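**Student:** Contents of final30.txt (compact mmCIF, C-alpha atoms) are given next:
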```
# COMPACT_ATOMS: atom_id res chain seq x y z
CA MET A 210 162.36 -253.89 -43.96
CA ALA A 211 163.06 -253.85 -47.71
CA ARG A 212 160.34 -255.17 -49.99
CA ARG A 213 161.29 -258.36 -51.84
CA VAL A 214 160.99 -258.59 -55.62
CA LEU A 215 161.54 -261.86 -57.47
CA ILE A 216 162.46 -261.59 -61.16
CA VAL A 217 161.78 -264.68 -63.30
CA ASP A 218 163.13 -264.19 -66.82
CA ASP A 219 165.34 -266.30 -69.08
CA GLU A 220 167.09 -263.23 -70.54
CA THR A 221 169.99 -263.27 -68.10
CA ASP A 222 171.54 -259.89 -68.89
CA LEU A 223 168.22 -258.06 -68.78
CA SER A 224 167.03 -259.71 -65.59
CA GLU A 225 170.35 -259.10 -63.81
CA LEU A 226 170.29 -255.44 -64.86
CA LEU A 227 166.72 -255.07 -63.62
CA GLY A 228 167.59 -256.78 -60.35
CA TYR A 229 170.57 -254.47 -59.85
CA ASN A 230 168.52 -251.33 -60.49
CA LEU A 231 165.76 -252.43 -58.12
CA TRP A 232 168.40 -253.24 -55.49
CA LYS A 233 169.80 -249.71 -55.90
CA ALA A 234 166.26 -248.39 -55.39
CA GLY A 235 166.06 -250.15 -52.02
CA TYR A 236 164.43 -253.47 -52.85
CA GLU A 237 165.72 -256.89 -51.87
CA THR A 238 165.88 -258.75 -55.16
CA LYS A 239 166.43 -262.26 -56.43
CA VAL A 240 166.78 -263.31 -60.08
CA VAL A 241 166.10 -266.74 -61.57
CA ASN A 242 165.91 -267.78 -65.20
CA ASP A 243 163.18 -270.40 -65.51
CA GLY A 244 159.70 -271.12 -64.23
CA GLU A 245 160.52 -274.10 -62.03
CA ALA A 246 163.23 -272.11 -60.23
CA GLY A 247 160.78 -269.25 -59.91
CA LEU A 248 158.27 -271.42 -58.08
CA ARG A 249 160.96 -272.73 -55.73
CA GLU A 250 162.09 -269.20 -54.92
CA ILE A 251 158.53 -268.05 -54.29
CA ALA A 252 158.34 -270.69 -51.56
CA SER A 253 161.73 -269.87 -50.00
CA PHE A 254 162.29 -266.16 -50.79
CA GLN A 255 158.63 -265.23 -50.09
CA PRO A 256 158.59 -262.19 -52.40
CA ASP A 257 156.24 -259.25 -52.03
CA LEU A 258 155.98 -259.06 -55.84
CA VAL A 259 156.98 -261.16 -58.85
CA VAL A 260 158.14 -259.83 -62.22
CA LEU A 261 157.47 -262.71 -64.59
CA ASP A 262 158.45 -263.32 -68.20
CA ILE A 263 155.96 -265.21 -70.38
CA MET A 264 158.10 -266.98 -72.95
CA MET A 265 160.53 -269.24 -71.08
CA PRO A 266 161.74 -272.81 -71.56
CA GLY A 267 159.98 -275.43 -69.47
CA LEU A 268 157.17 -273.80 -67.54
CA ASN A 269 156.10 -270.61 -69.29
CA GLY A 270 154.85 -267.51 -67.51
CA HIS A 271 151.17 -268.42 -67.84
CA GLN A 272 151.81 -271.79 -66.20
CA VAL A 273 153.82 -270.23 -63.38
CA LEU A 274 151.10 -267.63 -62.81
CA GLY A 275 148.51 -270.41 -62.69
CA ARG A 276 150.50 -272.14 -59.94
CA ILE A 277 150.84 -268.87 -58.00
CA ARG A 278 147.14 -268.05 -58.17
CA GLY A 279 146.14 -271.67 -57.48
CA ASN A 280 148.03 -271.82 -54.18
CA PRO A 281 146.25 -270.08 -51.26
CA ASP A 282 149.64 -269.23 -49.74
CA THR A 283 150.75 -267.28 -52.82
CA ALA A 284 147.50 -266.28 -54.53
CA ALA A 285 147.64 -262.67 -53.32
CA ILE A 286 151.20 -261.94 -54.49
CA PRO A 287 151.17 -259.15 -57.11
CA VAL A 288 152.51 -260.32 -60.48
CA ILE A 289 153.72 -258.15 -63.34
CA PHE A 290 154.11 -259.85 -66.69
CA LEU A 291 157.24 -258.63 -68.50
CA THR A 292 157.27 -259.85 -72.09
CA ALA A 293 158.18 -259.22 -75.70
CA LYS A 294 154.61 -260.20 -76.66
CA ASN A 295 153.12 -256.79 -77.31
CA GLU A 296 149.79 -257.34 -79.03
CA GLU A 297 146.61 -256.27 -77.25
CA VAL A 298 145.38 -259.86 -77.32
CA ASP A 299 148.51 -260.89 -75.38
CA GLU A 300 147.83 -258.25 -72.72
CA ILE A 301 144.19 -259.27 -72.41
CA GLU A 302 145.17 -262.94 -72.07
CA GLY A 303 147.74 -262.15 -69.38
CA LEU A 304 145.42 -259.97 -67.33
CA SER A 305 142.51 -262.39 -67.67
CA LYS A 306 144.69 -265.14 -66.20
CA GLY A 307 145.38 -263.09 -63.08
CA ALA A 308 148.34 -260.79 -63.76
CA ASP A 309 148.14 -257.42 -62.04
CA ASP A 310 150.02 -255.56 -64.73
CA PHE A 311 151.59 -256.13 -68.15
CA VAL A 312 154.80 -254.46 -69.35
CA THR A 313 156.23 -255.05 -72.83
CA LYS A 314 159.88 -255.26 -73.85
CA PRO A 315 161.79 -253.10 -74.54
CA PHE A 316 160.82 -251.17 -71.43
CA SER A 317 161.95 -248.30 -69.23
CA ILE A 318 163.32 -249.48 -65.89
CA ARG A 319 161.96 -246.30 -64.30
CA VAL A 320 158.47 -247.03 -65.63
CA LEU A 321 158.60 -250.62 -64.40
CA GLN A 322 159.83 -249.43 -61.01
CA ALA A 323 156.88 -247.00 -60.83
CA ARG A 324 154.50 -249.85 -61.51
CA ILE A 325 156.14 -252.01 -58.86
CA GLU A 326 155.83 -249.16 -56.36
CA ARG A 327 152.18 -248.68 -57.27
CA LEU A 328 151.36 -252.33 -56.61
CA LEU A 329 153.28 -252.45 -53.34
CA ASP A 330 151.97 -249.14 -52.02
CA ARG A 331 149.05 -250.64 -50.13
CA GLY A 332 149.60 -248.27 -47.23
CA ALA A 333 148.59 -245.32 -49.42
CA MET A 334 145.00 -246.55 -49.58
CA GLU A 335 142.71 -244.20 -47.73
CA THR A 336 139.94 -244.82 -45.24
CA PRO A 337 137.29 -246.16 -44.87
CA SER A 338 139.10 -249.33 -43.88
CA GLN A 339 136.21 -251.70 -44.51
CA ILE A 340 133.49 -251.80 -47.15
CA GLU A 341 130.57 -254.24 -47.14
CA ILE A 342 127.76 -255.09 -49.52
CA GLY A 343 125.64 -258.22 -49.95
CA GLY A 344 128.02 -260.50 -48.04
CA LEU A 345 131.10 -259.01 -49.73
CA VAL A 346 133.64 -257.45 -47.36
CA LEU A 347 136.75 -255.55 -48.46
CA ASN A 348 139.22 -254.70 -45.71
CA ARG A 349 141.70 -252.05 -46.83
CA GLU A 350 143.95 -252.42 -43.78
CA THR A 351 144.63 -256.12 -44.36
CA HIS A 352 143.98 -255.94 -48.11
CA GLU A 353 141.72 -258.97 -47.82
CA ALA A 354 138.36 -259.68 -49.41
CA THR A 355 135.72 -262.18 -48.34
CA LEU A 356 132.42 -263.20 -49.86
CA GLY A 357 129.94 -264.97 -47.64
CA GLY A 358 132.72 -265.43 -45.10
CA ASN A 359 135.00 -267.17 -47.61
CA ALA A 360 138.25 -265.68 -48.89
CA LEU A 361 137.86 -263.99 -52.29
CA PRO A 362 141.10 -264.25 -54.32
CA LEU A 363 141.28 -260.76 -55.83
CA THR A 364 144.54 -259.50 -57.26
CA VAL A 365 145.83 -256.16 -55.95
CA THR A 366 144.49 -254.32 -59.01
CA GLU A 367 141.11 -256.06 -58.84
CA PHE A 368 140.83 -255.20 -55.14
CA ARG A 369 141.51 -251.52 -55.81
CA LEU A 370 139.09 -251.35 -58.73
CA LEU A 371 136.28 -252.97 -56.77
CA ALA A 372 136.96 -250.80 -53.71
CA SER A 373 136.89 -247.67 -55.87
CA LEU A 374 133.54 -248.64 -57.38
CA LEU A 375 132.03 -249.45 -53.99
CA GLU A 376 133.22 -246.19 -52.47
CA ALA A 377 131.61 -244.25 -55.33
CA GLU A 378 128.24 -245.39 -53.86
CA GLY A 379 126.43 -245.82 -57.15
CA LYS A 380 128.09 -243.00 -59.07
CA VAL A 381 129.48 -243.88 -62.47
CA LEU A 382 133.26 -244.04 -62.71
CA SER A 383 134.73 -243.72 -66.18
CA ARG A 384 137.47 -246.07 -67.25
CA ALA A 385 139.91 -243.17 -67.09
CA ALA A 386 138.82 -242.44 -63.51
CA LEU A 387 139.24 -246.10 -62.58
CA ILE A 388 142.75 -246.09 -64.02
CA GLN A 389 143.56 -243.12 -61.80
CA HIS A 390 141.91 -244.61 -58.70
CA ALA A 391 143.30 -248.10 -59.01
CA MET A 392 146.49 -247.76 -61.02
CA GLY A 393 147.71 -244.34 -59.94
CA SER A 394 149.15 -241.44 -61.90
CA GLY A 395 152.00 -241.93 -64.33
CA VAL A 396 150.85 -245.38 -65.42
CA THR A 397 149.96 -245.71 -69.10
CA ILE A 398 147.50 -248.47 -69.89
CA THR A 399 144.59 -248.84 -72.29
CA GLU A 400 141.00 -248.50 -71.12
CA ARG A 401 140.49 -252.03 -72.46
CA THR A 402 142.72 -253.20 -69.60
CA ILE A 403 140.08 -252.00 -67.12
CA ASP A 404 137.41 -254.01 -68.96
CA VAL A 405 139.52 -257.17 -68.61
CA HIS A 406 139.97 -256.62 -64.88
CA VAL A 407 136.25 -255.97 -64.41
CA THR A 408 135.41 -259.18 -66.29
CA SER A 409 137.69 -261.09 -63.92
CA ILE A 410 136.09 -259.41 -60.89
CA ARG A 411 132.63 -260.41 -62.08
CA LYS A 412 133.67 -264.03 -62.51
CA LYS A 413 135.01 -264.13 -58.96
CA LEU A 414 131.90 -262.47 -57.50
CA GLY A 415 129.66 -265.20 -58.93
CA GLY A 416 126.03 -264.42 -58.21
CA LEU A 417 126.93 -261.03 -56.76
CA ALA A 418 128.41 -259.93 -60.09
CA VAL A 419 125.05 -258.36 -60.98
CA ILE A 420 125.90 -255.37 -58.79
CA VAL A 421 128.69 -254.30 -61.18
CA LYS A 422 126.88 -252.47 -63.94
CA THR A 423 128.31 -251.34 -67.26
CA VAL A 424 127.29 -247.85 -68.32
CA ARG A 425 127.73 -248.04 -72.06
CA GLY A 426 130.18 -245.55 -73.46
CA VAL A 427 131.10 -244.26 -70.01
CA GLY A 428 132.33 -246.82 -67.47
CA TYR A 429 131.04 -248.77 -64.50
CA ARG A 430 129.02 -248.31 -61.33
CA ILE A 431 127.77 -250.37 -58.39
CA ASP A 432 124.01 -251.00 -58.15
CA ALA A 433 123.35 -251.86 -54.50
CA ASP A 434 119.70 -252.55 -55.28
CA ALA A 435 120.77 -255.47 -57.48
CA VAL A 436 122.09 -257.49 -54.54
CA PRO A 437 120.58 -261.02 -54.89
CA ASN A 438 117.71 -262.17 -52.66
CA GLY A 439 116.20 -258.72 -52.74
CA SER A 440 118.08 -257.54 -49.70
CA GLY A 441 118.87 -254.21 -51.31
CA GLU A 442 121.74 -253.93 -48.86
CA HIS A 443 123.81 -250.83 -49.51
CA ALA A 444 127.54 -250.57 -49.27
CA ALA A 445 128.59 -249.67 -45.77
CA ALA A 446 131.93 -248.21 -44.80
CA SER A 447 133.55 -248.53 -41.41
CA ARG A 448 136.64 -246.96 -39.88
CA ASP A 449 136.74 -249.53 -37.10
```
Would you encode the structure as structure tokens?
**Tutor:**
Amino acid sequence: MARRVLIVDDETDLSELLGYNLWKAGYETKVVNDGEAGLREIASFQPDLVVLDIMMPGLNGHQVLGRIRGNPDTAAIPVIFLTAKNEEVDEIEGLSKGADDFVTKPFSIRVLQARIERLLDRGAMETPSQIEIGGLVLNRETHEATLGGNALPLTVTEFRLLASLLEAEGKVLSRAALIQHAMGSGVTITERTIDVHVTSIRKKLGGLAVIVKTVRGVGYRIDADAVPNGSGEHAAASRD
């Protein structure tokens, strides 16, 4: 079954061209030109991924993303911001609000397609299927995360980053290594992007955020001994 991609962008010619190229690549696509229509189509079209412009009349991209992430039924849908806003501060703002990726206009359709494929390629994630530490459980097969038995609303990129760190079992992963692990080859992003995603992960982990340690000048690692309540529980992987 073809993956569904919803394009929400008020630049009609550009969005139609993108939709056509993704359709040629084997995706089922739908194009709308404002935020309100985008939200309606998310409910009816049930896309596997949303490409979302930021600057639109009515509801802007940030507001639409907030609605997506605030609804349990849509919170896990990968979202790529596609925008003419190309300053680093714009990228940081977009990622910090829950976007999985950020592509600036003008853009290469082939590059955007590669990023879409990277976000939708959940099946390429390798075993172990489940990772646990301090009440946090990441299930690679279902791509779901729970903390203390409650659903943890990680984006696709956040899930992959956290899983990569946990699988490293305390070893330091550089930002470049995390880009490779979580974003895949052929994707050009700044190392600052990783920092923004890690900040978001820490916020969502709450009291368990202390396990994600910054190694200054290098990257990040997981400190299993920092699990609250002194449990010292180490990450455990299961193929079951």
**Student:** Rounded to one decimal, what separation in Å do you get between atom CA of A:Ile277 and atom CA of A:Leu248?
**Tutor:**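 Calculated distance between atom CA of A:Ile277 and atom CA of A:Leu248 is 7.9 Å.
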**Student:** Identify which of the residues A:Gly247, A:Gly428, A:Gly279, A:Gly228 lies closest to A:Leu321, counting only C-alpha atoms when measuring atom-to-atom distances.
**Tutor:**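 The answer is A:Gly228, which sits nearest to A:Leu321.
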**Student:** Neighbouring residues of stretch 404-418 of chain A were defined as those with any atom within 10 Å, considering only C-alpha atoms; residues of the same chain fewer than 4 positions away were excluded. Please report them as JSON, numbers by chain.
**Tutor:** {"A": [300, 301, 302, 303, 304, 305, 306, 307, 308, 309, 342, 343, 344, 345, 355, 356, 361, 362, 363, 364, 366, 367, 368, 370, 371, 384, 399, 400, 422, 423, 428, 429, 431, 435, 436, 437]}
**Student:** Which one of A:Ala246, A:Leu329, A:Val273, A:Leu347 sits closest to A:Arg213 if you count all atoms listed in the file?
**Tutor:**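 Nearest candidate to A:Arg213 out of A:Ala246, A:Leu329, A:Val273, A:Leu347: A:Leu329.
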**Student:** Just the number, please: distance in Å from atom CA of A:Lys314 to atom CA of A:Asp257, one decimal.
**Tutor:**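 One can read the atom CA of A:Lys314 to atom CA of A:Asp257 distance as 22.5 Å.
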**Student:** Measuring between only C-alpha atoms, which one of A:Leu223, A:Ile403, A:Leu231, A:Ile289 shows the shortest distance to A:Gln322?
**Tutor:**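 Nearest candidate to A:Gln322 out of A:Leu223, A:Ile403, A:Leu231, A:Ile289: A:Leu231.
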**Student:** Could you tell me how far atom CA of A:Arg369 lies from atom CA of A:Val346, in Å and to one decimal?
**Tutor:**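 Calculated distance between atom CA of A:Arg369 and atom CA of A:Val346 is 13.0 Å.
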**Student:** Could you give me, as an MDAnalysis selection string, the residues within 12 Å of A:Val381, counting only C-alpha atoms and dropping anything in the same chain fewer than 4 positions from it?
**Tutor:** chainID A and resid 373:377 385:387 421:432
**Student:** Hey, which of A:Thr292, A:Gln255, A:Asn438, A:Gln272 ends up closest to A:Glu220? Count only C-alpha atoms.
**Tutor:** A:Thr292
**Student:** Between A:Ile340, A:Ile251, A:Leu215, A:Leu261, single out the one closest to A:Trp232, counting all atoms listed in the file.
**Tutor:**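 Of A:Ile340, A:Ile251, A:Leu215, A:Leu261, the one nearest A:Trp232 is A:Leu215, counting all atoms listed in the file.
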**Student:** Find the residue from A:Arg349, A:Asp218, A:His390, A:Asp330 that sits nearest to A:Gly267; use all atoms listed in the file when measuring.
**Tutor:**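 Among the listed residues, A:Asp218 lies closest to A:Gly267.
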**Student:** Dump as number ranges by chain all residues having an atom at most 12 Å from (163.4, -253.0, -56.0), computed in the file's coordinates with only C-alpha atoms.
**Tutor:** A: 211-216, 226-240, 256-260, 318-319, 321-326, 329
